[in-house]
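Asks: Input my_file.cif, format and content: mmCIF, C-alpha atoms.
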data_coords
loop_
_atom_site.group_PDB
_atom_site.id
_atom_site.type_symbol
_atom_site.label_atom_id
_atom_site.label_comp_id
_atom_site.auth_asym_id
_atom_site.auth_seq_id
_atom_site.Cartn_x
_atom_site.Cartn_y
_atom_site.Cartn_z
ATOM 1 C CA MET A 1 -9.531 3.310 31.992
ATOM 2 C CA SER A 2 -9.727 6.723 30.367
ATOM 3 C CA LYS A 3 -9.562 9.742 32.680
ATOM 4 C CA ALA A 4 -12.777 10.903 31.030
ATOM 5 C CA PHE A 5 -14.639 8.191 32.902
ATOM 6 C CA THR A 6 -13.231 8.791 36.383
ATOM 7 C CA ARG A 7 -14.632 11.175 38.943
ATOM 8 C CA GLU A 8 -11.903 13.466 40.224
ATOM 9 C CA ASP A 9 -13.912 14.371 43.328
ATOM 10 C CA ASP A 10 -13.744 10.746 44.480
ATOM 11 C CA ARG A 11 -9.949 10.983 44.531
ATOM 12 C CA ASP A 12 -9.781 14.258 46.467
ATOM 13 C CA ASP A 13 -10.209 12.623 49.893
ATOM 14 C CA ASP A 14 -7.878 9.745 48.996
ATOM 15 C CA GLU A 15 -5.036 12.194 48.337
ATOM 16 C CA LEU A 16 -5.333 13.801 51.794
ATOM 17 C CA PRO A 17 -2.806 13.074 54.523
ATOM 18 C CA ALA A 18 -4.258 10.878 57.262
ATOM 19 C CA GLU A 19 -4.466 13.740 59.773
ATOM 20 C CA LEU A 20 -6.844 15.678 57.471
ATOM 21 C CA LYS A 21 -9.263 12.826 56.855
ATOM 22 C CA VAL A 22 -12.517 12.765 58.778
ATOM 23 C CA PRO A 23 -13.056 9.227 60.117
ATOM 24 C CA VAL A 24 -15.613 7.270 58.118
ATOM 25 C CA GLY A 25 -19.059 7.552 59.681
ATOM 26 C CA SER A 26 -18.079 10.611 61.740
ATOM 27 C CA LYS A 27 -19.293 14.155 61.421
ATOM 28 C CA ASN A 28 -16.907 16.865 60.271
ATOM 29 C CA TYR A 29 -16.859 18.915 63.479
ATOM 30 C CA MET A 30 -15.760 22.536 63.156
ATOM 31 C CA THR A 31 -15.715 25.669 65.269
ATOM 32 C CA PRO A 32 -17.598 28.731 63.953
ATOM 33 C CA GLY A 33 -14.289 30.459 63.169
ATOM 34 C CA GLY A 34 -13.022 27.454 61.212
ATOM 35 C CA TRP A 35 -16.258 27.291 59.237
ATOM 36 C CA ARG A 36 -15.998 31.026 58.409
ATOM 37 C CA ARG A 37 -12.381 30.620 57.305
ATOM 38 C CA LEU A 38 -13.246 27.799 54.886
ATOM 39 C CA LYS A 39 -16.333 29.661 53.640
ATOM 40 C CA THR A 40 -14.228 32.787 52.979
ATOM 41 C CA GLU A 41 -11.597 30.775 51.118
ATOM 42 C CA LEU A 42 -14.283 29.129 48.969
ATOM 43 C CA HIS A 43 -15.887 32.492 48.213
ATOM 44 C CA ASP A 44 -12.521 34.003 47.206
ATOM 45 C CA LEU A 45 -11.700 31.055 44.955
ATOM 46 C CA VAL A 46 -15.073 31.159 43.201
ATOM 47 C CA THR A 47 -15.490 34.927 42.861
ATOM 48 C CA LYS A 48 -11.906 36.164 42.410
ATOM 49 C CA HIS A 49 -9.221 33.544 41.808
ATOM 50 C CA ARG A 50 -11.046 31.285 39.325
ATOM 51 C CA PRO A 51 -12.375 34.135 37.115
ATOM 52 C CA GLU A 52 -8.862 35.632 36.955
ATOM 53 C CA LEU A 53 -7.441 32.264 35.891
ATOM 54 C CA THR A 54 -10.050 31.742 33.185
ATOM 55 C CA GLN A 55 -9.314 35.233 31.852
ATOM 56 C CA ILE A 56 -5.590 34.417 31.638
ATOM 57 C CA ILE A 57 -6.304 31.065 29.964
ATOM 58 C CA ASN A 58 -8.590 32.699 27.402
ATOM 59 C CA TRP A 59 -5.939 35.315 26.623
ATOM 60 C CA ALA A 60 -3.236 32.619 26.325
ATOM 61 C CA ALA A 61 -5.453 30.486 24.084
ATOM 62 C CA SER A 62 -5.995 33.419 21.759
ATOM 63 C CA ASN A 63 -2.231 33.616 21.166
ATOM 64 C CA GLY A 64 -2.263 30.568 18.927
ATOM 65 C CA ASP A 65 -0.496 27.214 19.342
ATOM 66 C CA ARG A 66 -1.498 25.880 22.751
ATOM 67 C CA SER A 67 0.918 22.934 22.796
ATOM 68 C CA GLU A 68 3.924 25.165 23.489
ATOM 69 C CA ASN A 69 2.121 28.027 25.195
ATOM 70 C CA GLY A 70 3.435 28.135 28.777
ATOM 71 C CA ASP A 71 0.787 30.591 29.992
ATOM 72 C CA TYR A 72 -1.975 28.348 28.665
ATOM 73 C CA ILE A 73 -0.500 25.101 30.016
ATOM 74 C CA TYR A 74 0.295 26.571 33.445
ATOM 75 C CA GLY A 75 -3.098 28.313 33.582
ATOM 76 C CA LYS A 76 -4.966 25.069 32.858
ATOM 77 C CA LYS A 77 -2.950 23.275 35.552
ATOM 78 C CA LYS A 78 -3.731 26.013 38.099
ATOM 79 C CA LEU A 79 -7.412 25.917 37.091
ATOM 80 C CA ARG A 80 -7.571 22.144 37.722
ATOM 81 C CA GLU A 81 -5.969 22.655 41.162
ATOM 82 C CA THR A 82 -8.378 25.485 41.956
ATOM 83 C CA ASP A 83 -11.402 23.436 40.866
ATOM 84 C CA ARG A 84 -10.194 20.524 43.007
ATOM 85 C CA ARG A 85 -9.890 22.842 46.036
ATOM 86 C CA ILE A 86 -13.363 24.283 45.349
ATOM 87 C CA ARG A 87 -14.859 20.761 45.287
ATOM 88 C CA PHE A 88 -12.992 19.841 48.483
ATOM 89 C CA LEU A 89 -14.133 22.962 50.358
ATOM 90 C CA THR A 90 -17.710 22.581 49.131
ATOM 91 C CA LYS A 91 -17.817 18.980 50.388
ATOM 92 C CA ARG A 92 -16.240 19.902 53.731
ATOM 93 C CA LEU A 93 -18.692 22.736 54.316
ATOM 94 C CA GLU A 94 -21.703 20.638 53.281
ATOM 95 C CA ASN A 95 -20.724 17.953 55.799
ATOM 96 C CA ALA A 96 -19.713 20.359 58.566
ATOM 97 C CA GLU A 97 -21.198 20.160 62.042
ATOM 98 C CA VAL A 98 -20.475 23.547 63.611
ATOM 99 C CA VAL A 99 -19.943 23.407 67.374
ATOM 100 C CA ASP A 100 -19.460 26.649 69.286
ATOM 101 C CA PRO A 101 -17.400 26.126 72.468
ATOM 102 C CA GLU A 102 -18.614 29.471 73.890
ATOM 103 C CA VAL A 103 -22.228 28.318 74.152
ATOM 104 C CA ARG A 104 -21.474 24.981 75.795
ATOM 105 C CA GLU A 105 -22.796 24.705 79.331
ATOM 106 C CA GLU A 106 -20.144 24.777 82.036
ATOM 107 C CA THR A 107 -18.578 21.372 82.565
ATOM 108 C CA ASP A 108 -15.254 19.983 83.670
ATOM 109 C CA GLN A 109 -15.489 17.226 81.046
ATOM 110 C CA VAL A 110 -13.519 17.388 77.778
ATOM 111 C CA PHE A 111 -15.538 17.610 74.571
ATOM 112 C CA PHE A 112 -14.937 19.117 71.123
ATOM 113 C CA GLY A 113 -13.914 22.772 71.413
ATOM 114 C CA ALA A 114 -12.381 22.422 74.877
ATOM 115 C CA THR A 115 -9.152 24.106 75.848
ATOM 116 C CA VAL A 116 -7.365 21.668 78.131
ATOM 117 C CA THR A 117 -4.349 22.185 80.357
ATOM 118 C CA TYR A 118 -2.626 18.959 81.360
ATOM 119 C CA LEU A 119 0.491 17.828 83.192
ATOM 120 C CA ARG A 120 2.897 15.413 81.522
ATOM 121 C CA GLU A 121 4.896 12.787 83.403
ATOM 122 C CA ASP A 122 8.041 14.939 83.185
ATOM 123 C CA GLY A 123 6.266 17.749 85.083
ATOM 124 C CA HIS A 124 5.828 19.912 81.978
ATOM 125 C CA GLU A 125 2.426 21.630 81.680
ATOM 126 C CA GLU A 126 0.819 21.952 78.230
ATOM 127 C CA THR A 127 -2.408 23.466 76.915
ATOM 128 C CA VAL A 128 -4.233 22.398 73.753
ATOM 129 C CA SER A 129 -7.546 23.315 72.168
ATOM 130 C CA ILE A 130 -9.492 20.556 70.444
ATOM 131 C CA VAL A 131 -10.696 21.679 67.000
ATOM 132 C CA GLY A 132 -11.770 20.271 63.630
ATOM 133 C CA VAL A 133 -9.403 18.474 61.258
ATOM 134 C CA ASP A 134 -9.303 21.523 58.962
ATOM 135 C CA GLU A 135 -8.433 23.874 61.837
ATOM 136 C CA THR A 136 -5.305 22.193 63.189
ATOM 137 C CA ASP A 137 -2.631 24.789 63.950
ATOM 138 C CA LEU A 138 0.258 23.564 66.073
ATOM 139 C CA LYS A 139 1.635 27.096 66.566
ATOM 140 C CA ARG A 140 -1.585 27.968 68.398
ATOM 141 C CA HIS A 141 -1.716 24.538 70.080
ATOM 142 C CA TYR A 142 -4.919 23.649 68.194
ATOM 143 C CA VAL A 143 -5.122 19.883 67.706
ATOM 144 C CA SER A 144 -7.611 17.904 65.666
ATOM 145 C CA TRP A 145 -10.210 15.940 67.585
ATOM 146 C CA THR A 146 -8.824 12.881 65.753
ATOM 147 C CA ALA A 147 -5.249 13.399 67.053
ATOM 148 C CA PRO A 148 -3.921 10.946 69.680
ATOM 149 C CA ILE A 149 -3.765 13.624 72.404
ATOM 150 C CA ALA A 150 -7.365 14.694 71.767
ATOM 151 C CA ARG A 151 -8.614 11.097 71.697
ATOM 152 C CA ALA A 152 -6.919 10.499 75.049
ATOM 153 C CA LEU A 153 -8.490 13.629 76.563
ATOM 154 C CA LEU A 154 -12.034 13.393 75.168
ATOM 155 C CA ARG A 155 -14.694 12.568 77.778
ATOM 156 C CA ALA A 156 -12.193 12.767 80.655
ATOM 157 C CA ARG A 157 -12.654 15.271 83.503
ATOM 158 C CA GLU A 158 -10.489 17.709 85.430
ATOM 159 C CA GLY A 159 -8.349 15.868 87.958
ATOM 160 C CA GLU A 160 -8.386 12.582 86.045
ATOM 161 C CA THR A 161 -5.296 10.879 84.706
ATOM 162 C CA VAL A 162 -5.517 9.405 81.197
ATOM 163 C CA ALA A 163 -3.188 7.249 79.129
ATOM 164 C CA LEU A 164 -1.708 8.890 76.048
ATOM 165 C CA ARG A 165 -0.576 6.280 73.557
ATOM 166 C CA LEU A 166 2.482 7.452 71.621
ATOM 167 C CA PRO A 167 4.800 5.632 69.198
ATOM 168 C CA GLY A 168 7.404 5.460 71.984
ATOM 169 C CA GLY A 169 4.993 3.983 74.536
ATOM 170 C CA VAL A 170 2.235 5.053 76.900
ATOM 171 C CA GLU A 171 2.419 8.213 78.999
ATOM 172 C CA ASP A 172 0.032 9.112 81.814
ATOM 173 C CA ILE A 173 -1.147 12.717 81.734
ATOM 174 C CA GLU A 174 -3.185 14.524 84.389
ATOM 175 C CA ILE A 175 -5.925 16.936 83.337
ATOM 176 C CA ILE A 176 -5.526 20.160 85.298
ATOM 177 C CA GLU A 177 -8.123 22.461 83.739
ATOM 178 C CA VAL A 178 -10.924 22.322 81.133
ATOM 179 C CA ARG A 179 -12.291 25.564 79.654
ATOM 180 C CA TYR A 180 -14.587 26.446 76.783
ATOM 181 C CA LEU A 181 -13.505 29.676 75.092
ATOM 182 C CA ALA A 182 -13.930 31.430 71.767
ATOM 183 C CA LEU A 183 -11.183 30.074 69.550
ATOM 184 C CA GLU A 184 -9.493 32.293 67.005
ATOM 185 C CA THR A 185 -9.208 30.215 63.852
ATOM 186 C CA GLU A 186 -8.807 32.963 61.278
ATOM 187 C CA ASN A 187 -5.534 33.040 59.380
ATOM 188 C CA PRO A 188 -3.026 35.209 61.258
ATOM 189 C CA SER A 189 -2.043 38.290 59.256
#
Do you think you could lay out the structure here as structure tokens?
Replies:
Amino acid sequence: MSKAFTREDDRDDDELPAELKVPVGSKNYMTPGGWRRLKTELHDLVTKHRPELTQIINWAASNGDRSENGDYIYGKKKLRETDRRIRFLTKRLENAEVVDPEVREETDQVFFGATVTYLREDGHEETVSIVGVDETDLKRHYVSWTAPIARALLRAREGETVALRLPGGVEDIEIIEVRYLALETENPS
């Protein structure tokens, strides 16, 4: 089938790694900071990056033979990538369900946006914050709500022990503390 008759936006989600896919039938949960970050990226792509690319492509096209014009060929490739990212971000933001952990009523139960401290079987204490699939940042210990650790923790309460299923087997982890805090999801400078 000719590429002219395929919809590129249908392929965008298929090309994503599994950890970035929102489960079918689920909402795309996001924190307010994550939503702002994606919105800012979309705005920058549409108002700055894309117009600059089209200007470069127009200049390169005016130089004559396009078949061997590196600026033109590279510019068109970058424009396709930018347009694909714009479509992706637009879809993600349209389907976003923004959940603010700061306004959640006090509870010791784990839900989206929770920051959870737990004890592993080896006695090591860890803390993770449960965020949207587009906000995952392992350096900050932000894990997607679809990650195995988050799925094990969701709906459990402080003091409970839950089973974490890992490729190497099952590990019991004890939930020590559940907090709901403002989460910094902006890109670190």
Asks: Would you write out, as a list in words, every residue that the PyMOL selection byres ((chain A and resi 114) around 8) captures in this file?
Replies: Pro101, Val110, Phe111, Phe112, Gly113, Thr115, Val116, Ser129, Ile130, Val178, Arg179, Tyr180 and Leu181 of chain A
Asks: So which residues get picked by the PyMOL selection byres ((chain A and resi 98) around 10) here, written as an NGL selection string?
Replies: :A and (27-35 or 93 or 95-97 or 99-101 or 132)
Asks: Do a neighbour search on Thr82 of chain A at 10 Å with all atoms listed in the file, toss out local chain neighbours closer than 4 positions, and write the hits as a PyMOL selection string.
Replies: chain A and resi 42+45-46+49-50+53+76-78+86-88
Asks: Residues of the last selection are to be written out with C-alpha atoms, as a JSON list (two decimals), keeping the file's coordinate frame.
Replies:
[["chain", "number", "residue", "atom", "x", "y", "z"],
["A", 42, "LEU", "CA", -14.28, 29.13, 48.97],
["A", 45, "LEU", "CA", -11.70, 31.06, 44.96],
["A", 46, "VAL", "CA", -15.07, 31.16, 43.20],
["A", 49, "HIS", "CA", -9.22, 33.54, 41.81],
["A", 50, "ARG", "CA", -11.05, 31.28, 39.33],
["A", 53, "LEU", "CA", -7.44, 32.26, 35.89],
["A", 76, "LYS", "CA", -4.97, 25.07, 32.86],
["A", 77, "LYS", "CA", -2.95, 23.28, 35.55],
["A", 78, "LYS", "CA", -3.73, 26.01, 38.10],
["A", 86, "ILE", "CA", -13.36, 24.28, 45.35],
["A", 87, "ARG", "CA", -14.86, 20.76, 45.29],
["A", 88, "PHE", "CA", -12.99, 19.84, 48.48]]
Asks: For Asp83 of chain A, which residue among A:Pro148, A:Gly168, A:Pro51, A:Gly70 is the nearest when counting only C-alpha atoms?
Replies: A:Pro51
Asks: For the atom pair atom CA of Ser62 of chain A and atom CA of Arg84 of chain A, what is the interatomic distance in Å to one decimal place?
Replies: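 Distance reported for this atom pair: 25.2 Å.
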Asks: Between A:Leu20, A:Gly159, A:Leu119, A:Leu154, which one has atoms that come closest to Ile173 of chain A, using all atoms listed in the file?
Replies: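 Checking each candidate against Ile173 of chain A, we get A:Leu119 as the closest.
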Asks: Report, in Å with one decimal, the straight-line distance from atom CA of Arg157 of chain A to atom CA of Ile176 of chain A.
Replies: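 Between atom CA of Arg157 of chain A and atom CA of Ile176 of chain A the gap works out to 8.8 Å.
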Asks: Nearest to Leu153 of chain A among A:Thr117, A:Ala182, A:Arg36, A:Leu166, with distances taken over all atoms listed in the file: which residue is it?
Replies: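 Among the listed residues, the smallest separation from Leu153 of chain A belongs to A:Thr117.
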Asks: Take segment 20-31 of chain A, bring it up to N, CA, C and O atoms, and give me the output as an mmCIF file, in the frame of the given file.
Replies:
data_model
loop_
_atom_site.group_PDB
_atom_site.id
_atom_site.type_symbol
_atom_site.label_atom_id
_atom_site.label_comp_id
_atom_site.auth_asym_id
_atom_site.auth_seq_id
_atom_site.Cartn_x
_atom_site.Cartn_y
_atom_site.Cartn_z
ATOM 1 N N LEU A 20 -5.794 14.806 57.986
ATOM 2 C CA LEU A 20 -6.844 15.678 57.471
ATOM 3 C C LEU A 20 -8.111 14.923 57.066
ATOM 4 O O LEU A 20 -9.081 15.523 56.644
ATOM 5 N N LYS A 21 -8.084 13.615 57.205
ATOM 6 C CA LYS A 21 -9.263 12.826 56.855
ATOM 7 C C LYS A 21 -10.219 12.759 58.042
ATOM 8 O O LYS A 21 -9.797 12.566 59.178
ATOM 9 N N VAL A 22 -11.489 12.929 57.753
ATOM 10 C CA VAL A 22 -12.517 12.765 58.778
ATOM 11 C C VAL A 22 -12.815 11.270 58.841
ATOM 12 O O VAL A 22 -13.046 10.642 57.800
ATOM 13 N N PRO A 23 -12.791 10.662 60.022
ATOM 14 C CA PRO A 23 -13.056 9.227 60.117
ATOM 15 C C PRO A 23 -14.394 8.852 59.477
ATOM 16 O O PRO A 23 -15.385 9.587 59.610
ATOM 17 N N VAL A 24 -14.410 7.742 58.787
ATOM 18 C CA VAL A 24 -15.613 7.270 58.118
ATOM 19 C C VAL A 24 -16.744 7.124 59.134
ATOM 20 O O VAL A 24 -16.541 6.586 60.223
ATOM 21 N N GLY A 25 -17.893 7.646 58.804
ATOM 22 C CA GLY A 25 -19.059 7.552 59.681
ATOM 23 C C GLY A 25 -19.111 8.649 60.732
ATOM 24 O O GLY A 25 -20.052 8.711 61.508
ATOM 25 N N SER A 26 -18.106 9.518 60.767
ATOM 26 C CA SER A 26 -18.079 10.611 61.740
ATOM 27 C C SER A 26 -18.517 11.911 61.082
ATOM 28 O O SER A 26 -18.415 12.076 59.872
ATOM 29 N N LYS A 27 -18.953 12.833 61.914
ATOM 30 C CA LYS A 27 -19.293 14.155 61.421
ATOM 31 C C LYS A 27 -18.011 14.967 61.299
ATOM 32 O O LYS A 27 -17.027 14.703 61.971
ATOM 33 N N ASN A 28 -18.046 15.973 60.444
ATOM 34 C CA ASN A 28 -16.907 16.865 60.271
ATOM 35 C C ASN A 28 -17.089 18.051 61.220
ATOM 36 O O ASN A 28 -17.574 19.104 60.837
ATOM 37 N N TYR A 29 -16.691 17.864 62.476
ATOM 38 C CA TYR A 29 -16.859 18.915 63.479
ATOM 39 C C TYR A 29 -15.948 20.090 63.179
ATOM 40 O O TYR A 29 -14.801 19.908 62.759
ATOM 41 N N MET A 30 -16.481 21.301 63.408
ATOM 42 C CA MET A 30 -15.760 22.536 63.156
ATOM 43 C C MET A 30 -16.212 23.596 64.133
ATOM 44 O O MET A 30 -17.370 23.596 64.551
ATOM 45 N N THR A 31 -15.315 24.513 64.476
ATOM 46 C CA THR A 31 -15.715 25.669 65.269
ATOM 47 C C THR A 31 -16.299 26.714 64.324
ATOM 48 O O THR A 31 -16.061 26.656 63.109
#
